Structures are given as C-alpha cells and as structure tokens.
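Structure file run-v8.txt; described as compact mmCIF, C-alpha atoms.
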```txt
# COMPACT_ATOMS: atom_id res chain seq x y z
CA MET A 1 16.02 -35.79 -14.92
CA ASP A 2 14.17 -34.83 -18.13
CA ILE A 3 14.06 -31.37 -19.68
CA THR A 4 10.61 -30.62 -18.19
CA SER A 5 11.86 -31.26 -14.65
CA ILE A 6 15.00 -29.24 -15.25
CA LEU A 7 12.97 -26.29 -16.49
CA LEU A 8 10.64 -26.55 -13.49
CA VAL A 9 13.60 -26.36 -11.12
CA LEU A 10 15.02 -23.46 -13.14
CA THR A 11 11.70 -21.64 -12.84
CA VAL A 12 11.59 -22.06 -9.08
CA VAL A 13 15.12 -20.66 -8.78
CA THR A 14 14.28 -17.77 -11.12
CA VAL A 15 11.10 -16.94 -9.18
CA PHE A 16 13.19 -16.79 -6.02
CA ALA A 17 15.53 -14.33 -7.77
CA TYR A 18 12.56 -12.29 -9.05
CA ASP A 19 10.95 -12.07 -5.62
CA PHE A 20 14.31 -11.11 -4.10
CA THR A 21 14.71 -8.22 -6.57
CA ASN A 22 11.07 -7.30 -5.99
CA GLY A 23 11.63 -7.05 -2.23
CA PHE A 24 14.95 -5.30 -2.84
CA HIS A 25 13.20 -2.66 -4.95
CA ASP A 26 10.11 -2.18 -2.83
CA ALA A 27 11.86 -2.15 0.55
CA ALA A 28 13.55 1.06 -0.53
CA ASP A 29 10.19 2.62 -1.34
CA MET A 30 8.60 1.54 1.91
CA VAL A 31 11.32 2.79 4.26
CA ALA A 32 12.46 5.84 2.27
CA THR A 33 10.14 8.32 3.98
CA ALA A 34 10.74 6.84 7.44
CA ILE A 35 14.49 7.26 6.99
CA ALA A 36 14.22 10.70 5.38
CA SER A 37 12.06 11.99 8.24
CA ARG A 38 14.83 10.95 10.67
CA ALA A 39 12.19 9.60 13.03
CA MET A 40 13.29 5.99 12.73
CA LYS A 41 16.64 4.28 12.28
CA SER A 42 17.04 2.58 8.92
CA SER A 43 17.78 -0.78 10.53
CA VAL A 44 14.60 -0.60 12.60
CA ALA A 45 12.46 0.43 9.62
CA ILE A 46 13.81 -2.38 7.44
CA ALA A 47 13.37 -4.92 10.26
CA ILE A 48 9.71 -3.96 10.78
CA VAL A 49 8.96 -3.99 7.04
CA SER A 50 10.69 -7.37 6.65
CA VAL A 51 8.74 -9.05 9.44
CA PHE A 52 5.36 -7.81 8.23
CA THR A 53 6.19 -8.49 4.58
CA PHE A 54 6.72 -12.11 5.59
CA LEU A 55 3.40 -12.27 7.43
CA GLY A 56 1.34 -10.64 4.67
CA PRO A 57 1.02 -13.55 2.21
CA LEU A 58 0.36 -16.06 4.97
CA VAL A 59 -2.93 -14.49 6.01
CA ALA A 60 -4.16 -12.47 3.02
CA GLY A 61 -5.44 -15.22 0.72
CA LEU A 62 -4.46 -15.84 -2.91
CA ALA A 63 -6.84 -13.69 -4.98
CA VAL A 64 -3.98 -11.73 -6.58
CA ALA A 65 -2.16 -14.95 -7.50
CA ASP A 66 -5.31 -16.22 -9.21
CA THR A 67 -5.52 -13.02 -11.26
CA VAL A 68 -1.87 -12.97 -12.37
CA GLY A 69 -1.62 -16.71 -12.92
CA THR A 70 -4.64 -17.10 -15.18
CA PHE A 71 -4.76 -14.15 -17.60
CA VAL A 72 -2.36 -15.97 -19.96
CA GLU A 73 -3.76 -19.42 -20.79
CA ILE A 74 -0.89 -21.90 -21.17
CA SER A 75 -2.55 -25.17 -20.19
CA GLY A 76 -3.44 -25.93 -23.83
CA ALA A 77 0.11 -25.39 -25.11
CA ASP A 78 2.78 -28.09 -25.21
CA THR A 79 5.00 -28.24 -22.15
CA LEU A 80 8.08 -26.59 -23.65
CA HIS A 81 6.18 -23.60 -25.04
CA ALA A 82 4.16 -23.18 -21.85
CA GLN A 83 7.33 -23.19 -19.78
CA ALA A 84 8.95 -20.74 -22.18
CA VAL A 85 6.19 -18.19 -21.49
CA VAL A 86 6.81 -18.36 -17.76
CA ILE A 87 10.62 -18.26 -17.84
CA ALA A 88 10.76 -15.47 -20.44
CA ALA A 89 8.39 -13.31 -18.37
CA LEU A 90 10.52 -13.79 -15.27
CA LEU A 91 13.74 -12.91 -17.07
CA ALA A 92 12.12 -9.76 -18.50
CA ALA A 93 11.00 -8.65 -15.04
CA ILE A 94 14.37 -9.35 -13.40
CA SER A 95 16.24 -7.52 -16.17
CA TYR A 96 14.11 -4.40 -15.80
CA ASN A 97 14.37 -4.52 -12.00
CA LEU A 98 18.15 -4.64 -12.09
CA ALA A 99 18.44 -1.92 -14.74
CA THR A 100 16.22 0.55 -12.86
CA TRP A 101 17.87 -0.29 -9.53
CA LYS A 102 21.22 0.63 -11.09
CA LEU A 103 19.72 3.95 -12.24
CA GLY A 104 18.11 4.59 -8.84
CA LEU A 105 14.62 4.71 -10.34
CA PRO A 106 11.64 3.31 -8.36
CA SER A 107 10.15 1.10 -11.09
CA SER A 108 7.39 -1.48 -10.87
CA SER A 109 8.26 -5.17 -10.57
CA SER A 110 4.59 -5.94 -11.11
CA ASN A 111 4.38 -4.02 -14.38
CA SER A 112 7.57 -5.73 -15.54
CA LEU A 113 6.16 -9.17 -14.83
CA ALA A 114 2.78 -8.42 -16.41
CA GLY A 115 4.46 -6.94 -19.49
CA GLY A 116 6.81 -9.91 -19.73
CA LEU A 117 3.88 -12.32 -19.59
CA VAL A 118 2.04 -10.44 -22.34
CA GLY A 119 5.13 -10.26 -24.58
CA ALA A 120 6.07 -13.90 -24.13
CA GLY A 121 2.43 -14.99 -24.40
CA LEU A 122 1.87 -13.11 -27.64
CA PHE A 123 5.03 -14.53 -29.18
CA ILE A 124 4.56 -18.15 -28.13
CA VAL A 125 0.85 -18.93 -27.72
CA GLY A 126 -0.77 -15.98 -29.50
CA SER A 127 -3.34 -13.36 -28.54
CA SER A 128 -6.17 -15.89 -28.42
CA HIS A 129 -4.59 -17.41 -25.28
CA ILE A 130 -4.62 -14.11 -23.41
CA ASN A 131 -7.73 -13.28 -21.42
CA TRP A 132 -7.92 -9.59 -22.24
CA GLY A 133 -11.02 -9.18 -20.04
CA ILE A 134 -12.68 -6.75 -22.46
CA ASP A 135 -15.93 -8.72 -22.75
CA ALA A 136 -16.23 -8.89 -18.98
CA LEU A 137 -15.62 -5.15 -18.76
CA MET A 138 -18.65 -4.58 -20.97
CA ASP A 139 -20.68 -6.32 -18.26
CA PHE A 140 -19.06 -4.15 -15.58
CA ARG A 141 -16.87 -7.01 -14.34
CA LEU A 142 -13.12 -7.04 -13.89
CA GLU A 143 -11.20 -10.13 -14.89
CA GLY A 144 -8.16 -11.24 -16.82
CA LEU A 145 -5.72 -8.64 -18.10
CA MET A 146 -8.16 -5.78 -17.45
CA LYS A 147 -8.02 -6.49 -13.72
CA VAL A 148 -4.22 -6.42 -13.93
CA VAL A 149 -4.29 -3.14 -15.88
CA VAL A 150 -6.75 -1.51 -13.49
CA GLY A 151 -4.76 -2.66 -10.47
CA LEU A 152 -1.42 -1.46 -11.80
CA PHE A 153 -2.45 1.76 -13.55
CA VAL A 154 -5.37 3.03 -11.49
CA SER A 155 -3.76 2.39 -8.09
CA PRO A 156 -1.15 5.19 -8.51
CA LEU A 157 -3.95 7.65 -9.29
CA PHE A 158 -5.82 6.53 -6.18
CA GLY A 159 -2.56 6.77 -4.25
CA PHE A 160 -2.09 10.40 -5.30
CA ILE A 161 -5.69 11.31 -4.44
CA ILE A 162 -5.66 9.51 -1.09
CA GLY A 163 -2.25 10.98 -0.26
CA PHE A 164 -3.54 14.47 -1.04
CA LEU A 165 -6.77 14.08 0.96
CA LEU A 166 -5.07 12.38 3.89
CA MET A 167 -2.50 15.16 4.16
CA LYS A 168 -5.19 17.83 4.02
CA THR A 169 -7.14 15.95 6.71
CA ILE A 170 -4.12 15.74 9.01
CA PHE A 171 -3.44 19.46 8.62
CA PHE A 172 -7.10 20.23 9.36
CA VAL A 173 -7.34 18.00 12.44
CA PHE A 174 -4.10 19.18 14.03
CA ARG A 175 -4.19 22.83 12.96
CA ARG A 176 -5.25 24.13 16.42
CA PHE A 177 -3.00 21.92 18.51
CA THR A 178 -0.68 23.98 20.70
CA VAL A 179 1.32 21.09 22.14
CA LYS A 180 4.06 19.36 20.20
CA ILE A 181 2.60 16.49 18.17
CA ARG A 182 5.83 15.04 16.77
CA PRO A 183 5.99 12.29 19.47
CA LEU A 184 2.50 11.13 18.39
CA PHE A 185 3.60 10.81 14.77
CA VAL A 186 6.85 9.08 15.75
CA VAL A 187 4.85 6.38 17.54
CA SER A 188 2.30 6.24 14.73
CA GLN A 189 5.03 5.60 12.20
CA TYR A 190 5.85 2.21 13.71
CA PHE A 191 2.28 1.11 13.02
CA SER A 192 2.09 2.72 9.56
CA VAL A 193 5.38 1.14 8.43
CA ALA A 194 4.19 -2.24 9.71
CA TRP A 195 0.89 -1.95 7.82
CA LEU A 196 2.68 -0.91 4.64
CA GLY A 197 5.03 -3.90 4.91
CA PHE A 198 2.09 -6.23 5.50
CA SER A 199 0.15 -4.85 2.52
CA HIS A 200 3.25 -5.17 0.32
CA GLY A 201 3.78 -8.82 1.21
CA ALA A 202 0.08 -9.60 0.86
CA ASN A 203 -0.01 -8.26 -2.71
CA ASP A 204 3.46 -8.50 -4.25
CA ALA A 205 4.55 -11.94 -3.03
CA GLN A 206 1.52 -13.49 -4.73
CA LYS A 207 2.87 -12.67 -8.19
CA GLY A 208 5.83 -15.03 -7.82
CA MET A 209 3.46 -17.65 -6.44
CA ALA A 210 1.30 -17.25 -9.54
CA ILE A 211 4.28 -17.91 -11.82
CA ILE A 212 5.19 -21.17 -10.06
CA GLY A 213 1.53 -22.16 -10.10
CA MET A 214 1.51 -21.62 -13.88
CA MET A 215 4.69 -23.66 -14.26
CA LEU A 216 3.35 -26.55 -12.17
CA LEU A 217 0.28 -26.61 -14.41
CA ALA A 218 2.37 -26.42 -17.58
CA SER A 219 4.61 -29.26 -16.39
CA GLY A 220 1.69 -31.53 -15.57
CA GLU A 221 2.48 -31.51 -11.84
CA THR A 222 -1.01 -30.16 -11.14
CA GLN A 223 -4.25 -30.55 -13.08
CA GLN A 224 -5.55 -27.05 -12.35
CA PHE A 225 -4.06 -23.73 -11.28
CA THR A 226 -3.25 -23.98 -7.58
CA ILE A 227 -0.63 -22.69 -5.13
CA PRO A 228 0.92 -25.30 -2.78
CA LEU A 229 2.02 -24.30 0.73
CA TRP A 230 5.73 -24.71 -0.05
CA VAL A 231 5.38 -22.14 -2.85
CA ILE A 232 3.77 -19.63 -0.48
CA LEU A 233 6.56 -20.08 2.07
CA MET A 234 9.33 -19.89 -0.53
CA CYS A 235 8.03 -16.71 -2.19
CA THR A 236 7.38 -15.08 1.16
CA THR A 237 10.93 -15.87 2.26
CA ALA A 238 12.48 -14.60 -0.98
CA ILE A 239 10.67 -11.27 -0.97
CA THR A 240 11.45 -10.83 2.73
CA LEU A 241 15.16 -11.46 2.18
CA GLY A 242 15.16 -8.91 -0.61
CA THR A 243 13.40 -6.45 1.69
CA MET A 244 16.08 -6.91 4.35
CA PHE A 245 18.82 -5.78 1.95
CA GLY A 246 17.02 -2.74 0.51
CA GLY A 247 18.08 -0.48 -2.34
CA TRP A 248 19.83 2.62 -1.05
CA SER A 249 19.97 4.44 -4.38
CA ILE A 250 16.15 4.30 -4.56
CA ILE A 251 15.87 5.44 -0.93
CA LYS A 252 17.91 8.50 -1.92
CA THR A 253 15.58 9.25 -4.85
CA LEU A 254 12.30 9.01 -2.93
CA GLY A 255 13.47 10.20 0.44
CA PHE A 256 15.58 13.17 -0.52
CA GLU A 257 15.04 14.24 -4.15
CA LEU A 258 11.30 14.98 -4.39
CA TYR A 259 10.91 17.42 -1.48
CA ARG A 260 11.95 17.83 2.15
CA ILE A 261 10.14 15.05 3.98
CA ARG A 262 9.10 15.46 7.60
CA ILE A 263 7.53 12.98 9.98
CA ILE A 264 4.00 14.13 9.08
CA HIS A 265 4.65 13.33 5.40
CA ALA A 266 6.13 9.95 6.26
CA VAL A 267 3.14 8.77 8.29
CA ALA A 268 0.62 10.08 5.76
CA ASN A 269 2.54 8.40 2.94
CA GLN A 270 2.72 5.03 4.65
CA LEU A 271 -0.93 5.03 5.73
CA GLY A 272 -2.18 6.12 2.30
CA ALA A 273 -0.08 3.61 0.36
CA ALA A 274 -0.99 0.77 2.73
CA LEU A 275 -4.70 1.58 2.33
CA VAL A 276 -4.50 1.45 -1.49
CA ASN A 277 -2.58 -1.85 -1.42
CA THR A 278 -5.03 -3.40 1.04
CA LEU A 279 -8.11 -2.41 -0.98
CA ALA A 280 -6.59 -3.75 -4.20
CA THR A 281 -5.59 -7.04 -2.56
CA ALA A 282 -9.14 -7.48 -1.28
CA ILE A 283 -10.49 -7.54 -4.88
CA GLY A 284 -7.59 -9.58 -6.26
CA ALA A 285 -6.04 -6.71 -8.24
CA PRO A 286 -2.24 -6.59 -8.37
CA THR A 287 -0.61 -3.29 -7.46
CA SER A 288 2.89 -1.92 -7.63
CA THR A 289 3.94 -0.89 -4.14
CA THR A 290 6.62 1.24 -5.77
CA GLN A 291 4.13 3.22 -7.80
CA VAL A 292 1.60 3.48 -5.00
CA VAL A 293 4.15 4.75 -2.47
CA THR A 294 5.62 7.25 -4.94
CA ALA A 295 2.23 8.56 -6.13
CA THR A 296 0.99 8.87 -2.54
CA LEU A 297 4.14 10.78 -1.62
CA LEU A 298 3.56 13.21 -4.48
CA GLY A 299 -0.04 13.66 -3.29
CA ASN A 300 1.24 14.40 0.22
CA GLY A 301 3.62 17.04 -1.10
CA ALA A 302 1.06 18.62 -3.41
CA ALA A 303 -1.41 18.92 -0.52
CA GLU A 304 1.05 20.97 1.53
CA LYS A 305 2.76 23.14 -1.09
CA PRO A 306 2.96 22.04 -4.75
CA SER A 307 5.89 24.35 -5.45
CA HIS A 308 8.06 22.41 -3.00
CA VAL A 309 7.78 19.22 -5.06
CA ALA A 310 10.54 18.52 -7.60
CA TRP A 311 8.09 17.83 -10.42
CA GLY A 312 10.91 17.41 -12.94
CA ARG A 313 12.34 14.48 -10.99
CA ALA A 314 8.81 13.14 -10.49
CA GLY A 315 8.30 13.32 -14.25
CA GLN A 316 11.41 11.21 -14.81
CA ILE A 317 10.02 8.56 -12.47
CA VAL A 318 6.61 8.54 -14.19
CA ALA A 319 8.30 8.32 -17.60
CA GLY A 320 10.06 5.21 -16.33
CA TRP A 321 6.67 3.75 -15.41
CA LEU A 322 5.34 4.39 -18.91
CA LEU A 323 8.37 2.70 -20.46
CA ASN A 324 8.13 -0.16 -18.00
CA VAL A 325 5.31 -2.09 -19.64
CA SER A 326 6.35 -1.53 -23.26
CA VAL A 327 9.98 -2.44 -22.60
CA SER A 328 8.95 -5.50 -20.59
CA ILE A 329 6.63 -6.69 -23.37
CA LEU A 330 9.52 -6.42 -25.81
CA LEU A 331 11.92 -8.15 -23.41
CA GLY A 332 9.38 -10.92 -22.80
CA ALA A 333 9.10 -11.59 -26.54
CA LEU A 334 12.89 -11.47 -27.02
CA TYR A 335 13.57 -13.85 -24.14
CA ALA A 336 10.85 -16.18 -25.43
CA TYR A 337 12.46 -16.22 -28.88
CA ALA A 338 15.91 -16.87 -27.40
CA PHE A 339 14.57 -19.55 -25.05
CA ILE A 340 12.71 -21.50 -27.73
CA HIS A 341 15.66 -21.48 -30.12
CA THR A 342 18.23 -22.31 -27.43
CA ILE A 343 16.30 -25.14 -25.79
CA GLY A 344 15.12 -26.40 -29.19
CA ALA A 345 18.72 -27.01 -30.18
CA PHE A 346 19.14 -29.49 -27.32
CA ILE A 347 15.97 -31.57 -27.74
```

Show this structure as structure tokens.
Amino acid sequence: MDITSILLVLTVVTVFAYDFTNGFHDAADMVATAIASRAMKSSVAIAIVSVFTFLGPLVAGLAVADTVGTFVEISGADTLHAQAVVIAALLAAISYNLATWKLGLPSSSSNSLAGGLVGAGLFIVGSSHINWGIDALMDFRLEGLMKVVVGLFVSPLFGFIIGFLLMKTIFFVFRRFTVKIRPLFVVSQYFSVAWLGFSHGANDAQKGMAIIGMMLLASGETQQFTIPLWVILMCTTAITLGTMFGGWSIIKTLGFELYRIRIIHAVANQLGAALVNTLATAIGAPTSTTQVVTATLLGNGAAEKPSHVAWGRAGQIVAGWLLNVSVSILLGALYAYAFIHTIGAFI
C-alpha cells in the first residue's frame, strides 16, 4: 500500500472520529432542554435524537457537503499537499471539540472544521486556492467561504430572533387557556426533539462527507467532487453513535446554568432551532447546531424575562464561539506544518 492509500484510509478513520465528536457535542445541546424540563427521560430523548439524526442525511440531499467541500480548491495541488489540507483541518476540529467538551462549553464543530480548512489551506496551497466568495457577494449571490460564514455566523442571530418571537407567540396564544396545557407540550416535545435531531443530521453529517469527498478527489479516486453512498452511510453512522453517548457536562451547562427551563422553553427551543437548521440546509449553508440551539434558548429566555437569564455564563459561551474560528485556523496551520514535515521525512 503506497503513502497515498495509507493517508486516504487515515482520513476516513479521522472523519469517523470527527463525526463521533460532533455527534457527542451536539447531542448534549439537542437533549439538554428536554432533560432539564423533566418532561422526558434522558434515555428516551437521546434515542429519539439518535434515530432521526441517522435519517437526516439520507433524505436531505448534499447541498451542504458541496459548499464545505469546494471552498478550498485542492484538486490542482499535488496529492501529498492536498491530503495534508484535509487531515490538518480534521485534527484541528477534533482537538477543539475535545478541549471544549472537557471544559463543558457548547462549541461549534462546524466552525472548528471551517477554521481548520482555512488555516491549513492558507499554509499549504495559499489564499488563491480559497474561494472567498466576495465577488459573488457583490452580485448578491452566496458561494464559497461567504456561504460558510453566513451559515455559521448569521444562523445564531436568526436562532435568537426566532426563539424570542416563538416564545412570545406561544405566550400570546395560550395566555387565556384555563385548562392545564403541560400535557400538550409534553406530547409536542417528542415531535420537536425528533425534528431537531433530523435537522442536525441533515446539516452536520454532510461536513464529514465533504472532507472524504475532498480526499477522494485529492487522491485521484474520483475525477470531480462527489459523495459515494458508502461515505454517506459511514458519516451518518459515526455522528449517530456520537449522539447516543452524549456529553453530560454540556447538558449541565445548557440545561441548568442559563436559567430555569420549563417544558414550554424546551419545546420552543427545539422547534426554533430545528427551523433555522432546516432553512439553512435547504440553501446549502452549514450551521452549527450547538450555536443555533444555544442562541435560540437565550432568545426563549429573553422573551419571558431577560433578568432570569445568566448573561455572564452566556457571555462565556459566546466568547468561546469567537475564539473557535481563530484558534481553529491557527491549529489547522500548525497541524499542516507538522504533517508536511513529518510525512516528508518518510518519502
């Protein structure tokens, strides 16, 4: 087996690890409010999210994978350097995922991967090989890195706004009800959790698929960027397995440290976050389920009573988001440097 084949196998294994940590991270975000509201057992919530996370990528198309897999152009680079971009980006994303999981911070796997790709791409193939998408933006079109940026950075803002408006709407609609409405929201939560899991799988699993698609192109296995069926199934399985294990320290942060979450908050949070993810997936824009869920939850809390929200803790989470991209760009460049010099010593 030559070095190209070895690196391809290594990439597939690393993508599996990345998707596992992605699911591990995001499962905590998706079930945190359901568990905190005490309307659903944790095992049931995780089971529902896992099943629908698996189904999401199988029926949602591959628009997000096309966006992530093509904003760094590696087909013109030699095989070793092209593979280095991909592997370095993955290692950067996994490193940031594990570090923030240890700290109990709900970070963005998507931002980490995008930052890692930019850092490794700049170091190895240069800025001319990155489709910044600025020219297209002048023509009111979204493509390349700008679509990634809009998806990852605008979606939390939309999440907050939708979370705020949805909560206000629920309060308005049910304000005159004299009968107990908790049973209605308990039943609704099964559907909202399922939709959130589906939207997560439909968007997030495609990023790992994009990386393998890039690597297949770089290795000469394919002549154009494409995602084979076995890649879809593997990435779906990896992110689902990660979802099944969950991250309890992150559940504690979102479910119990921002404000006292009740069933009405949980349903509004899940519906709002799922809506943002679904809209972004439809236009091929990657989102961070972590950021969307957290921002929507803050919007829910602000709509009811802003003073009840622990804005200091929320600020720590947002600060982690701001560091996410810059740290991942640096990590991507560092891993690329280490990879090139380590592999270069053996060939």

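Closest approach to Gly119 of chain A among A:Val72, A:Ile343, A:Val64, A:Ala238 is made by A:Val72 (distances from all atoms listed in the file).
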
Exercise for review: Could you give me, as a ChimeraX atom specification, the residues that sit within 6 Å of (-0.5, -5.6, -12.6) in the file's coordinates, counting only C-alpha atoms?
Suggested key: /A:110-111,114,148-149,151-152,286-287

Exercise for review: Find the residue from A:Phe191, A:Trp311, A:Phe158, A:Phe24 that sits nearest to Gly104 of chain A; use all atoms listed in the file when measuring.
Suggested key: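 Selected residue with least distance to Gly104 of chain A: A:Phe24.
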
Study note, to complete from the structure: From atom CA of Ala88 of chain A to atom CA of Phe123 of chain A the spacing works out at 10.5 Å

Enclose segment 81-88 of chain A, meaning all of its atoms listed in the file, in a box aligned along x, y and z, pad it by 5 Å on each side, and list the centre and edge lengths in Å to one decimal, as lines of an AutoDock Vina configuration file.
```
center_x = 7.5
center_y = -19.5
center_z = -21.4
size_x = 16.6
size_y = 18.1
size_z = 17.3
```

Review point. Neighbours of Thr281 of chain A within 8 Å (only C-alpha atoms; same-chain residues fewer than 6 positions away dropped), as a PyMOL selection string?
Key: chain A and resi 60+63-64+199+202-203+287

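Between Leu241 of chain A and the residues A:Ser108, A:Ser128, A:Ser50, A:Ser5, the shortest atom-to-atom distance, using all atoms listed in the file, involves A:Ser50.
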
Practice item. Anything within 8 Å of (1.2, -13.3, -6.5): list those residues as a VMD selection string, counting only C-alpha atoms and sticking to the file's coordinates. Key: chain A and resid 62 64 to 66 68 to 69 203 to 211 286

Practice item. Go through A:Asn97, A:Phe174, A:Leu217, A:Leu8 and flag the residue nearest Gly320 of chain A, using all atoms listed in the file for the distances. Key: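 Between A:Asn97, A:Phe174, A:Leu217, A:Leu8, the residue approaching Gly320 of chain A most closely is A:Asn97.
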
Distance query segment 129-133 of chain A at most 9 Å, all atoms listed in the file, self and fewer than 4 positions along chain excluded, as a PDB file with C-alpha atoms, in the frame of the given file:
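Saved result, selection21.pdb, follows:
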```
ATOM      1  CA  THR A  70      -4.640 -17.100 -15.180  1.00  0.00           C
ATOM      2  CA  PHE A  71      -4.760 -14.150 -17.600  1.00  0.00           C
ATOM      3  CA  VAL A  72      -2.360 -15.970 -19.960  1.00  0.00           C
ATOM      4  CA  GLU A  73      -3.760 -19.420 -20.790  1.00  0.00           C
ATOM      5  CA  ILE A  74      -0.890 -21.900 -21.170  1.00  0.00           C
ATOM      6  CA  GLY A  76      -3.440 -25.930 -23.830  1.00  0.00           C
ATOM      7  CA  VAL A 118       2.040 -10.440 -22.340  1.00  0.00           C
ATOM      8  CA  GLY A 121       2.430 -14.990 -24.400  1.00  0.00           C
ATOM      9  CA  LEU A 122       1.870 -13.110 -27.640  1.00  0.00           C
ATOM     10  CA  VAL A 125       0.850 -18.930 -27.720  1.00  0.00           C
ATOM     11  CA  LEU A 137     -15.620  -5.150 -18.760  1.00  0.00           C
ATOM     12  CA  MET A 138     -18.650  -4.580 -20.970  1.00  0.00           C
ATOM     13  CA  ARG A 141     -16.870  -7.010 -14.340  1.00  0.00           C
ATOM     14  CA  LEU A 142     -13.120  -7.040 -13.890  1.00  0.00           C
ATOM     15  CA  GLU A 143     -11.200 -10.130 -14.890  1.00  0.00           C
ATOM     16  CA  GLY A 144      -8.160 -11.240 -16.820  1.00  0.00           C
ATOM     17  CA  LEU A 145      -5.720  -8.640 -18.100  1.00  0.00           C
ATOM     18  CA  MET A 146      -8.160  -5.780 -17.450  1.00  0.00           C
ATOM     19  CA  LYS A 147      -8.020  -6.490 -13.720  1.00  0.00           C
TER      20      LYS A 147
END
```

Point to revise | Counting all atoms listed in the file, the residue of A:Thr278, A:Ala333, A:Val318, A:Lys168 that sits nearest Asn300 of chain A | key: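 Of the candidates, the smallest distance to Asn300 of chain A is held by A:Lys168.
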
Exercise for review: Can you work out which one of A:Gln223, A:Thr14, A:Thr236, A:Asn269 has the shortest atom-to-atom distance to Trp195 of chain A, counting all atoms listed in the file?
Suggested key: A:Asn269

Check your understanding: Distance atom CA of Leu117 of chain A-atom CA of Ile87 of chain A, one decimal place?
Key ->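 Interatomic distance, atom CA of Leu117 of chain A to atom CA of Ile87 of chain A: 9.2 Å.
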
Check your understanding: Please, what distance in Å, to one decimal, runs between atom CA of Phe16 of chain A and atom CA of Ile35 of chain A?
Key ->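 According to the coordinates, atom CA of Phe16 of chain A and atom CA of Ile35 of chain A are separated by 27.4 Å.
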
Residue contacts of Arg38 of chain A (8 Å, only C-alpha atoms) excluding same-chain residues fewer than 3 positions away, as a PDB file with C-alpha atoms, in the coordinates of the input:
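This is the output file around.pdb:
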```pdb
ATOM      1  CA  ALA A  34      10.740   6.840   7.440  1.00  0.00           C
ATOM      2  CA  ILE A  35      14.490   7.260   6.990  1.00  0.00           C
ATOM      3  CA  LYS A  41      16.640   4.280  12.280  1.00  0.00           C
ATOM      4  CA  ARG A 262       9.100  15.460   7.600  1.00  0.00           C
ATOM      5  CA  ILE A 263       7.530  12.980   9.980  1.00  0.00           C
TER       6      ILE A 263
END
```
